[in-house]
Every structure is written in structure tokens, then in C-alpha cells.
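S.K.: Here it is, the structure in full.
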Amino acid sequence: MLLVVAALIVAFVLLLYMISPLISPKPLKLNGAHVVVTGGSSGIGKCIAIECYRQGAFITLVARDEAKLLQAKKDVEKYAINDKQVVLCISVDVSSDYSQVESVIKQAQEKLGPVDMLVNCAGSSISGKFEEVEVDRFKKLMEVNYLGSVYPTRAVITTMKERRMGRIMFVSSQAGQIGLFGYTAYSPSKFALRGLAESLQMEIKPYNIYVTVAYPPDTDTPGLAEENKTKPLETKLISETSGVCQPEQVAKIVVRDAVQGNFNSSVGPDGYMLSALTCGMSPVTSITEGLQQIITMGLFRTIALFYLGSFDSIVRRCMIQREQSKAADKRE
């Protein structure tokens, strides 16, 4: 009897693998495609633009700082694979006014054609204890990190639906998968992208448009360097447990996943574990991915509990050290 059950399970798994290619989206060809990258003047955004450009894409870089945009344009153009490729720069704050964002997207499409892939990478970060973060910073981060992705997406979605094709990437963060000490303002703005992505994917999947949410870890960018200036000790110690990635490495992985139409895009072993742990009701683009999540969930949850215990221990030690330091100062 057990052999029969085992045989049926094996047969079922083999059947799933056989039909998996039938439900997976066809990869997007970047050669000749028009890719819009917000936050494309530096860091991960610029590296994503370079990765797409070296595969033959036409690029529109969107950011606020014109000087940085022009330098990024020069950096991207070094990776051209043919003389037809173009890099277009547009300066706009994607979080301030939807009508402006809609206008610049229209301008980009008039010059380079319909948008085939939108990469929402504009964002900013701040870390600090909840009661020490200025109240208006909570609003600002939500505007930049969330609305700064809503507006460009809204501006391209109608044309993508008409063409029955497209890719949309939201660059979240591992802090958009797990809330950590010091990220009470940042994490919610990145968690919000997940909810937007899941809802949007259900709406636009029938139109052959696929959404990717990228969850990069700490990455060696100007934004991280700026954040580290004010990062609490607890946050630094917790962040050090996973190390720092290079933006070029992150760009290669997230572009590959977006081209394939994968909903989740993670970097490194920790990222893979977090994506499996937090998959919830998120869509999958292959049966293989779903089976991996089912099989690994229990093991990864066990490992995660050790991580959480370690993080709590770090916070507790820092609190004790701070209180002891205050007591010593009072005695002096």
C-alpha cells in the first residue's frame, strides 16, 4: 500500500513538472525593448539600467538630480552592444505629482516607443528608534517608496494592457519581508509594495503582464552609506549578520527574474530563505517554485526562529549596555 501511495506521489510530482512550462510566462526579450528605470541615476537602479542596456535595451533613466542623471547616462552608454541604442534622461520627482509622472512617461514613449519593462527603483531609507524619527519622515518615506512606485506604474499600465505584454518590477528590500529594529518608518513603506504587487498581478496576469518584487539585502550604494551615518547600533549589528552585496550582483539577479516573469526575486541564501518563509499567498510562476516553498517551509521556519532569538539578544544586550553606561555617568 505504501508503495502505491509513493508511486502516486511521484507520478503527481512528475506530472506537475511536465505541465510547469505550460503555465510559465515566456521570457521577455530585452534586445530592442524599452526599459524605464526610476531611481536610475545611482546604486541598484543604475546597475539595472546597465544590465538591461548590455542586453540590447533602450533605456529611459528617471530621477530628480539632473547632474547625476547625465553622469549615469554616460556610464550606461559605455555598455552599448549596437549603435542604435539610446539612453534618455528625464528629471522628475516620481512621488510628488502624478500628472508630471504621466507626462514624462508619455514623453519617453513618444521618443523610444511603448514601455516594455518598468523598474520602480526610486526610494529612500532612514533608520532610527520609533520615538526619535521625526513624524513627517514616516509620511515622506511612504510617498517616495510607495507612491513613487504607484505613479509610474499607473502611467504605463494602460498601454501594456493594450499591447498584451509587459514587465513591472518593484524594488523592495529584505526589510520589506521582515520588520527590524530601527526600520519602523522604512519597513512599512517597503511592505506596502508587496500588497500592491500581489493585487496588481492578479489584475494584469490575463493581459500577459508580469510583476516582480525584488528583495535585495544591504547593498553597497550611496544610499546605504548615507543611512549608515545615523543607523542605531542595534540595527548595525543585526545588518552585519547578512553582509553587504554589490549592486552589479543584485542587478543581474533581479533583471533575470523580471525577464522570466518571476514574482519573487531574492539575492543569496538568506534572501531565498526569506522569500520562501514569507511567500504566503503570493503567486508562483512555476510548479517547481511552489513545491520548493512547500518542502522548505518547516526547515526555514526553524532556522528563522534562531535568527529572531539572536536579534532579540542583540537588542537586549545593547539596552543593558546603554543603561549601565547611563548609571556610570550618573555616579561620576
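Ligands are numbered from 1 in the order shown, residues from 1 within each chain, and chains are lettered A, B, ... in the order they appear in the C-alpha cells.
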Residues near Tyr183 in chain A, anyone? I mean within 10 Å using only C-alpha atoms, not counting same-chain ones fewer than 2 positions away, as a CSV table (one decimal) with N, CA and C atoms, in the first residue's frame.
M.R.:
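Dumped to out_0.csv:
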```csv
chain,number,residue,atom,x,y,z
A,125,SER,N,15.8,55.8,2.3
A,125,SER,CA,15.8,55.0,3.6
A,125,SER,C,16.2,55.9,4.8
A,126,ILE,N,15.6,55.6,5.9
A,126,ILE,CA,16.0,56.2,7.2
A,126,ILE,C,15.9,55.2,8.3
A,127,SER,N,16.9,55.2,9.2
A,127,SER,CA,16.8,54.3,10.3
A,127,SER,C,16.9,55.1,11.6
A,128,GLY,N,16.2,54.6,12.6
A,128,GLY,CA,16.2,55.2,13.9
A,128,GLY,C,15.1,54.7,14.8
A,129,LYS,N,15.3,54.9,16.1
A,129,LYS,CA,14.2,54.4,17.0
A,129,LYS,C,12.9,55.1,16.7
A,130,PHE,N,11.8,54.4,16.9
A,130,PHE,CA,10.5,54.9,16.6
A,130,PHE,C,10.2,56.2,17.1
A,133,VAL,N,12.4,59.2,15.4
A,133,VAL,CA,12.2,59.6,14.0
A,133,VAL,C,11.2,60.7,13.9
A,175,ALA,N,14.1,44.3,4.2
A,175,ALA,CA,13.3,45.0,5.3
A,175,ALA,C,11.8,45.1,4.9
A,176,GLY,N,11.5,44.7,3.7
A,176,GLY,CA,10.1,44.6,3.3
A,176,GLY,C,9.5,43.2,3.5
A,178,ILE,N,10.8,41.4,6.5
A,178,ILE,CA,10.9,41.2,8.0
A,178,ILE,C,11.1,42.6,8.6
A,179,GLY,N,10.3,42.9,9.6
A,179,GLY,CA,10.5,44.2,10.3
A,179,GLY,C,11.6,44.1,11.3
A,180,LEU,N,12.5,45.0,11.3
A,180,LEU,CA,13.7,45.0,12.1
A,180,LEU,C,13.9,46.3,13.0
A,181,PHE,N,14.6,46.2,14.0
A,181,PHE,CA,14.9,47.3,14.9
A,181,PHE,C,15.4,48.5,14.0
A,185,ALA,N,10.0,53.2,10.2
A,185,ALA,CA,9.5,54.1,9.1
A,185,ALA,C,9.7,53.5,7.7
A,186,TYR,N,10.9,52.8,7.6
A,186,TYR,CA,11.3,52.3,6.3
A,186,TYR,C,10.5,51.0,5.9
A,187,SER,N,10.5,50.0,6.9
A,187,SER,CA,9.9,48.7,6.5
A,187,SER,C,8.5,48.8,6.1
A,188,PRO,N,7.6,49.6,6.7
A,188,PRO,CA,6.2,49.6,6.2
A,188,PRO,C,6.1,50.1,4.8
A,189,SER,N,6.9,51.0,4.4
A,189,SER,CA,6.8,51.6,3.0
A,189,SER,C,7.3,50.5,2.0
A,231,LYS,N,22.5,55.2,11.6
A,231,LYS,CA,21.9,53.9,11.9
A,231,LYS,C,22.2,53.5,13.4
A,232,PRO,N,21.2,53.1,14.1
A,232,PRO,CA,21.4,52.7,15.5
A,232,PRO,C,22.3,51.5,15.6
A,235,THR,N,20.7,48.2,14.9
A,235,THR,CA,20.4,47.9,13.5
A,235,THR,C,21.7,47.5,12.8
```
S.K.: Taking into account only C-alpha atoms, which residue in the set A:Val267, A:Ala197, A:Val101, A:Leu233 is nearest to Cys318 in chain A?
M.R.: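 Among the listed residues, A:Leu233 lies closest to Cys318 in chain A.
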S.K.: Pick out the residues sitting within 8 Å of Val94 in chain A, and hand them over as a VMD selection string; count only C-alpha atoms, and ignore anything fewer than 2 positions along from it in its own chain.
M.R.: chain A and resid 38 63 92 96 to 98 100 to 101 122 144 147 to 149 151 to 152
S.K.: Based on the backbone DSSP call, show me all residues of range 206-250 of chain A assigned strand (DSSP E), as a PDB file with C-alpha atoms, in the first residue's frame.
M.R.:
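Output below, filename part-v6.pdb:
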```
ATOM      1  CA  ILE A 209       1.862  41.317 -17.889  1.00  0.00           C
ATOM      2  CA  TYR A 210       4.007  40.012 -15.046  1.00  0.00           C
ATOM      3  CA  VAL A 211       5.084  41.683 -11.819  1.00  0.00           C
ATOM      4  CA  THR A 212       8.350  41.073  -9.999  1.00  0.00           C
ATOM      5  CA  VAL A 213       9.096  42.155  -6.426  1.00  0.00           C
ATOM      6  CA  ALA A 214      12.820  42.316  -5.735  1.00  0.00           C
ATOM      7  CA  TYR A 215      14.045  41.970  -2.157  1.00  0.00           C
TER       8      TYR A 215
END
```
S.K.: Please determine, counting only C-alpha atoms, which residue among A:Val76, A:Ala192, A:Leu30, A:Ala155 has the shortest atom-to-atom distance to Ala108 in chain A.
M.R.: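 Of the candidates, the smallest distance to Ala108 in chain A is held by A:Ala155.
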S.K.: Per DSSP on the backbone, filter range 31-75 of chain A down to the residues in alpha helix (DSSP H) and report them as number ranges by chain.
M.R.: A: 43-53, 66-75
S.K.: Selection from above, all heavy atoms, as a compact mmCIF listing (two decimals), in the first residue's frame, can you write it?
M.R.:
```
# COMPACT_ATOMS: atom_id res chain seq x y z
N GLY A 43 23.36 53.72 -7.73
CA GLY A 43 23.06 52.50 -6.98
C GLY A 43 22.49 51.37 -7.81
O GLY A 43 22.88 51.13 -8.97
N ILE A 44 21.53 50.65 -7.22
CA ILE A 44 20.93 49.49 -7.87
C ILE A 44 20.23 49.89 -9.16
O ILE A 44 20.32 49.19 -10.18
CB ILE A 44 19.94 48.79 -6.92
CG1 ILE A 44 20.69 48.19 -5.71
CG2 ILE A 44 19.17 47.69 -7.65
CD1 ILE A 44 19.77 47.59 -4.65
N GLY A 45 19.55 51.04 -9.15
CA GLY A 45 18.83 51.48 -10.34
C GLY A 45 19.75 51.64 -11.54
O GLY A 45 19.43 51.18 -12.65
N LYS A 46 20.88 52.30 -11.33
CA LYS A 46 21.82 52.50 -12.44
C LYS A 46 22.38 51.17 -12.92
O LYS A 46 22.53 50.94 -14.13
CB LYS A 46 22.96 53.43 -12.02
CG LYS A 46 23.90 53.76 -13.17
CD LYS A 46 24.93 54.81 -12.79
CE LYS A 46 26.06 54.23 -11.97
NZ LYS A 46 27.17 55.20 -11.80
N CYS A 47 22.67 50.26 -12.00
CA CYS A 47 23.21 48.94 -12.37
C CYS A 47 22.18 48.11 -13.13
O CYS A 47 22.52 47.35 -14.04
CB CYS A 47 23.70 48.20 -11.14
SG CYS A 47 25.22 48.91 -10.44
N ILE A 48 20.90 48.26 -12.77
CA ILE A 48 19.84 47.58 -13.52
C ILE A 48 19.78 48.13 -14.95
O ILE A 48 19.65 47.37 -15.92
CB ILE A 48 18.48 47.75 -12.82
CG1 ILE A 48 18.44 46.90 -11.54
CG2 ILE A 48 17.33 47.36 -13.75
CD1 ILE A 48 17.19 47.10 -10.70
N ALA A 49 19.90 49.45 -15.08
CA ALA A 49 19.90 50.07 -16.40
C ALA A 49 21.06 49.55 -17.24
O ALA A 49 20.90 49.24 -18.43
CB ALA A 49 19.97 51.59 -16.26
N ILE A 50 22.23 49.45 -16.63
CA ILE A 50 23.41 48.94 -17.34
C ILE A 50 23.19 47.50 -17.78
O ILE A 50 23.50 47.12 -18.92
CB ILE A 50 24.66 49.05 -16.45
CG1 ILE A 50 25.07 50.51 -16.29
CG2 ILE A 50 25.82 48.23 -17.01
CD1 ILE A 50 26.19 50.75 -15.28
N GLU A 51 22.65 46.67 -16.88
CA GLU A 51 22.42 45.27 -17.19
C GLU A 51 21.44 45.12 -18.37
O GLU A 51 21.64 44.26 -19.24
CB GLU A 51 21.89 44.54 -15.96
CG GLU A 51 21.65 43.06 -16.14
CD GLU A 51 22.91 42.27 -16.48
OE1 GLU A 51 24.02 42.72 -16.10
OE2 GLU A 51 22.78 41.21 -17.12
N CYS A 52 20.41 45.93 -18.38
CA CYS A 52 19.44 45.88 -19.50
C CYS A 52 20.06 46.41 -20.79
O CYS A 52 19.83 45.86 -21.88
CB CYS A 52 18.19 46.68 -19.15
SG CYS A 52 17.20 45.99 -17.80
N TYR A 53 20.85 47.45 -20.66
CA TYR A 53 21.48 48.07 -21.85
C TYR A 53 22.47 47.12 -22.51
O TYR A 53 22.54 47.06 -23.74
CB TYR A 53 22.18 49.36 -21.43
CG TYR A 53 22.42 50.33 -22.55
CD1 TYR A 53 21.36 50.94 -23.21
CD2 TYR A 53 23.72 50.68 -22.94
CE1 TYR A 53 21.58 51.86 -24.23
CE2 TYR A 53 23.95 51.59 -23.96
CZ TYR A 53 22.87 52.17 -24.60
OH TYR A 53 23.09 53.08 -25.62
N GLU A 66 19.53 66.19 -12.02
CA GLU A 66 19.91 66.22 -13.44
C GLU A 66 21.39 65.92 -13.64
O GLU A 66 21.77 65.23 -14.59
CB GLU A 66 19.57 67.58 -14.04
CG GLU A 66 18.07 67.81 -14.24
CD GLU A 66 17.79 69.04 -15.07
OE1 GLU A 66 18.53 69.28 -16.04
OE2 GLU A 66 16.82 69.76 -14.74
N ALA A 67 22.24 66.44 -12.76
CA ALA A 67 23.69 66.21 -12.90
C ALA A 67 24.01 64.73 -12.76
O ALA A 67 24.79 64.17 -13.55
CB ALA A 67 24.44 67.03 -11.84
N LYS A 68 23.41 64.08 -11.77
CA LYS A 68 23.63 62.64 -11.60
C LYS A 68 23.07 61.84 -12.77
O LYS A 68 23.64 60.83 -13.19
CB LYS A 68 22.99 62.16 -10.29
CG LYS A 68 23.73 62.60 -9.03
CD LYS A 68 23.07 62.00 -7.80
CE LYS A 68 23.82 62.38 -6.54
NZ LYS A 68 23.16 61.82 -5.31
N LEU A 69 21.94 62.30 -13.31
CA LEU A 69 21.34 61.62 -14.47
C LEU A 69 22.27 61.66 -15.67
O LEU A 69 22.46 60.65 -16.36
CB LEU A 69 20.01 62.28 -14.82
CG LEU A 69 18.76 61.76 -14.11
CD1 LEU A 69 17.56 62.63 -14.46
CD2 LEU A 69 18.48 60.31 -14.48
N LEU A 70 22.85 62.81 -15.93
CA LEU A 70 23.75 62.95 -17.07
C LEU A 70 24.99 62.07 -16.92
O LEU A 70 25.47 61.46 -17.88
CB LEU A 70 24.15 64.42 -17.25
CG LEU A 70 23.02 65.35 -17.70
CD1 LEU A 70 23.50 66.81 -17.71
CD2 LEU A 70 22.50 64.95 -19.08
N GLN A 71 25.50 61.99 -15.69
CA GLN A 71 26.66 61.11 -15.45
C GLN A 71 26.26 59.65 -15.61
O GLN A 71 27.01 58.84 -16.18
CB GLN A 71 27.21 61.35 -14.04
CG GLN A 71 28.45 60.52 -13.71
CD GLN A 71 29.57 60.74 -14.69
OE1 GLN A 71 29.98 61.87 -14.94
NE2 GLN A 71 30.10 59.65 -15.25
N ALA A 72 25.07 59.31 -15.10
CA ALA A 72 24.58 57.93 -15.24
C ALA A 72 24.40 57.57 -16.71
O ALA A 72 24.71 56.44 -17.13
CB ALA A 72 23.27 57.77 -14.49
N LYS A 73 23.91 58.50 -17.51
CA LYS A 73 23.74 58.29 -18.95
C LYS A 73 25.07 57.90 -19.59
O LYS A 73 25.15 56.94 -20.37
CB LYS A 73 23.18 59.55 -19.59
CG LYS A 73 23.09 59.52 -21.12
CD LYS A 73 22.55 60.87 -21.62
CE LYS A 73 22.71 61.00 -23.12
NZ LYS A 73 21.80 60.10 -23.84
N LYS A 74 26.12 58.65 -19.24
CA LYS A 74 27.46 58.34 -19.78
C LYS A 74 27.92 56.95 -19.34
O LYS A 74 28.52 56.21 -20.12
CB LYS A 74 28.46 59.40 -19.32
CG LYS A 74 28.19 60.79 -19.89
CD LYS A 74 29.19 61.80 -19.34
CE LYS A 74 28.90 63.20 -19.87
NZ LYS A 74 29.85 64.20 -19.31
N ASP A 75 27.67 56.62 -18.06
CA ASP A 75 28.09 55.32 -17.54
C ASP A 75 27.36 54.17 -18.24
O ASP A 75 27.96 53.14 -18.55
CB ASP A 75 27.82 55.25 -16.03
CG ASP A 75 28.68 56.21 -15.24
OD1 ASP A 75 29.72 56.65 -15.76
OD2 ASP A 75 28.30 56.55 -14.09
```
S.K.: I'd like the neighbourhood of Glu198 in chain A as a list of chain:residue names, where a residue qualifies if any of its atoms comes within 9 Å (using only C-alpha atoms), though same-chain residues fewer than 5 positions away should be ignored.
M.R.: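 In the requested format, the answer is A:Leu193, A:Glu203, A:Val211, A:Phe263, A:Met281, A:Ser282, A:Pro283.
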S.K.: Output N, CA, C and O atoms for every residue in that selection, as a PDB file, in the first residue's frame.
M.R.:
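Output saved as out.pdb:
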```pdb
ATOM      1  N   LEU A 193       4.702  47.651  -0.871  1.00  0.00           N
ATOM      2  CA  LEU A 193       4.918  47.271  -2.269  1.00  0.00           C
ATOM      3  C   LEU A 193       4.477  45.837  -2.530  1.00  0.00           C
ATOM      4  O   LEU A 193       4.001  45.512  -3.626  1.00  0.00           O
ATOM      5  N   GLU A 203      -4.727  41.328 -11.261  1.00  0.00           N
ATOM      6  CA  GLU A 203      -5.478  42.105 -12.252  1.00  0.00           C
ATOM      7  C   GLU A 203      -4.914  41.974 -13.662  1.00  0.00           C
ATOM      8  O   GLU A 203      -5.663  41.882 -14.641  1.00  0.00           O
ATOM      9  N   VAL A 211       4.504  40.822 -12.857  1.00  0.00           N
ATOM     10  CA  VAL A 211       5.084  41.683 -11.819  1.00  0.00           C
ATOM     11  C   VAL A 211       6.183  40.930 -11.086  1.00  0.00           C
ATOM     12  O   VAL A 211       6.051  39.737 -10.786  1.00  0.00           O
ATOM     13  N   PHE A 263       7.660  36.226  -9.822  1.00  0.00           N
ATOM     14  CA  PHE A 263       7.067  37.204  -8.904  1.00  0.00           C
ATOM     15  C   PHE A 263       8.069  37.616  -7.830  1.00  0.00           C
ATOM     16  O   PHE A 263       8.214  38.799  -7.527  1.00  0.00           O
ATOM     17  N   MET A 281       0.416  34.013   0.280  1.00  0.00           N
ATOM     18  CA  MET A 281      -0.486  33.806  -0.853  1.00  0.00           C
ATOM     19  C   MET A 281       0.057  34.443  -2.135  1.00  0.00           C
ATOM     20  O   MET A 281      -0.693  34.700  -3.072  1.00  0.00           O
ATOM     21  N   SER A 282       1.361  34.700  -2.158  1.00  0.00           N
ATOM     22  CA  SER A 282       1.934  35.321  -3.352  1.00  0.00           C
ATOM     23  C   SER A 282       1.912  34.340  -4.517  1.00  0.00           C
ATOM     24  O   SER A 282       2.006  33.121  -4.327  1.00  0.00           O
ATOM     25  N   PRO A 283       1.771  34.836  -5.742  1.00  0.00           N
ATOM     26  CA  PRO A 283       1.700  33.947  -6.910  1.00  0.00           C
ATOM     27  C   PRO A 283       3.033  33.291  -7.205  1.00  0.00           C
ATOM     28  O   PRO A 283       4.093  33.778  -6.803  1.00  0.00           O
TER      29      PRO A 283
END
```
S.K.: With distances taken over only C-alpha atoms, which of A:Arg154, A:Arg64, A:Arg167, A:His34 is nearest to Glu102 in chain A?
M.R.: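 When distances to Glu102 in chain A are compared using only C-alpha atoms, the smallest one comes from A:Arg154.
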S.K.: Just to confirm, what's the straight-line distance from CA of Glu240 in chain A to CA of Phe191 in chain A in Å (one decimal)?
M.R.: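 Those two atoms sit 21.5 Å apart.
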S.K.: Contacts of range 269-276 of chain A at 9 Å or less, counting only C-alpha atoms, minus same-chain residues fewer than 2 places along, as a list in words?
M.R.: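 Returned residues: Gln174, Gln177, Ile178, Tyr215, Pro216, Pro217, Ser242, Asn264, Ser265, Ser266, Val267, Thr278, Cys279, Gly280, Gln292, Gln293, Ile294, Thr296, Met297, Phe300, Arg301 and Ala304 of chain A.
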S.K.: Could the residues in this selection be written to a file with C-alpha atoms, as a PDB file, in the first residue's frame?
M.R.:
```
ATOM      1  CA  GLN A 174      14.636  42.396   2.798  1.00  0.00           C
ATOM      2  CA  GLN A 177       9.919  40.974   4.321  1.00  0.00           C
ATOM      3  CA  ILE A 178      10.870  41.237   7.975  1.00  0.00           C
ATOM      4  CA  TYR A 215      14.045  41.970  -2.157  1.00  0.00           C
ATOM      5  CA  PRO A 216      17.736  42.953  -2.154  1.00  0.00           C
ATOM      6  CA  PRO A 217      19.740  42.816   1.085  1.00  0.00           C
ATOM      7  CA  SER A 242      23.909  39.022   6.459  1.00  0.00           C
ATOM      8  CA  ASN A 264       9.726  36.957  -6.175  1.00  0.00           C
ATOM      9  CA  SER A 265      13.346  37.922  -6.720  1.00  0.00           C
ATOM     10  CA  SER A 266      15.796  37.281  -3.906  1.00  0.00           C
ATOM     11  CA  VAL A 267      19.558  37.503  -3.543  1.00  0.00           C
ATOM     12  CA  THR A 278       7.135  34.946   3.545  1.00  0.00           C
ATOM     13  CA  CYS A 279       5.572  33.591   0.337  1.00  0.00           C
ATOM     14  CA  GLY A 280       2.089  33.425   1.915  1.00  0.00           C
ATOM     15  CA  GLN A 292      10.240  24.205  -3.191  1.00  0.00           C
ATOM     16  CA  GLN A 293       8.308  26.539  -0.914  1.00  0.00           C
ATOM     17  CA  ILE A 294       6.165  23.696   0.449  1.00  0.00           C
ATOM     18  CA  THR A 296      11.431  24.001   2.709  1.00  0.00           C
ATOM     19  CA  MET A 297       8.915  25.943   4.817  1.00  0.00           C
ATOM     20  CA  PHE A 300      13.369  27.558   7.159  1.00  0.00           C
ATOM     21  CA  ARG A 301      10.940  28.475   9.940  1.00  0.00           C
ATOM     22  CA  ALA A 304      14.342  31.754  11.316  1.00  0.00           C
TER      23      ALA A 304
END
```
S.K.: Quick check, in Å to one decimal: how far apart do CA of Asn120 in chain A and CA of Val35 in chain A lie?
M.R.: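 Computed distance, CA of Asn120 in chain A to CA of Val35 in chain A, equals 10.8 Å.
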S.K.: Could you tell me which of A:Pro206, A:Pro222, A:Gly182, A:Gly243 comes closest to Val315 in chain A if we count only C-alpha atoms?
M.R.: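 Among A:Pro206, A:Pro222, A:Gly182, A:Gly243, it is A:Gly182 that comes nearest to Val315 in chain A.
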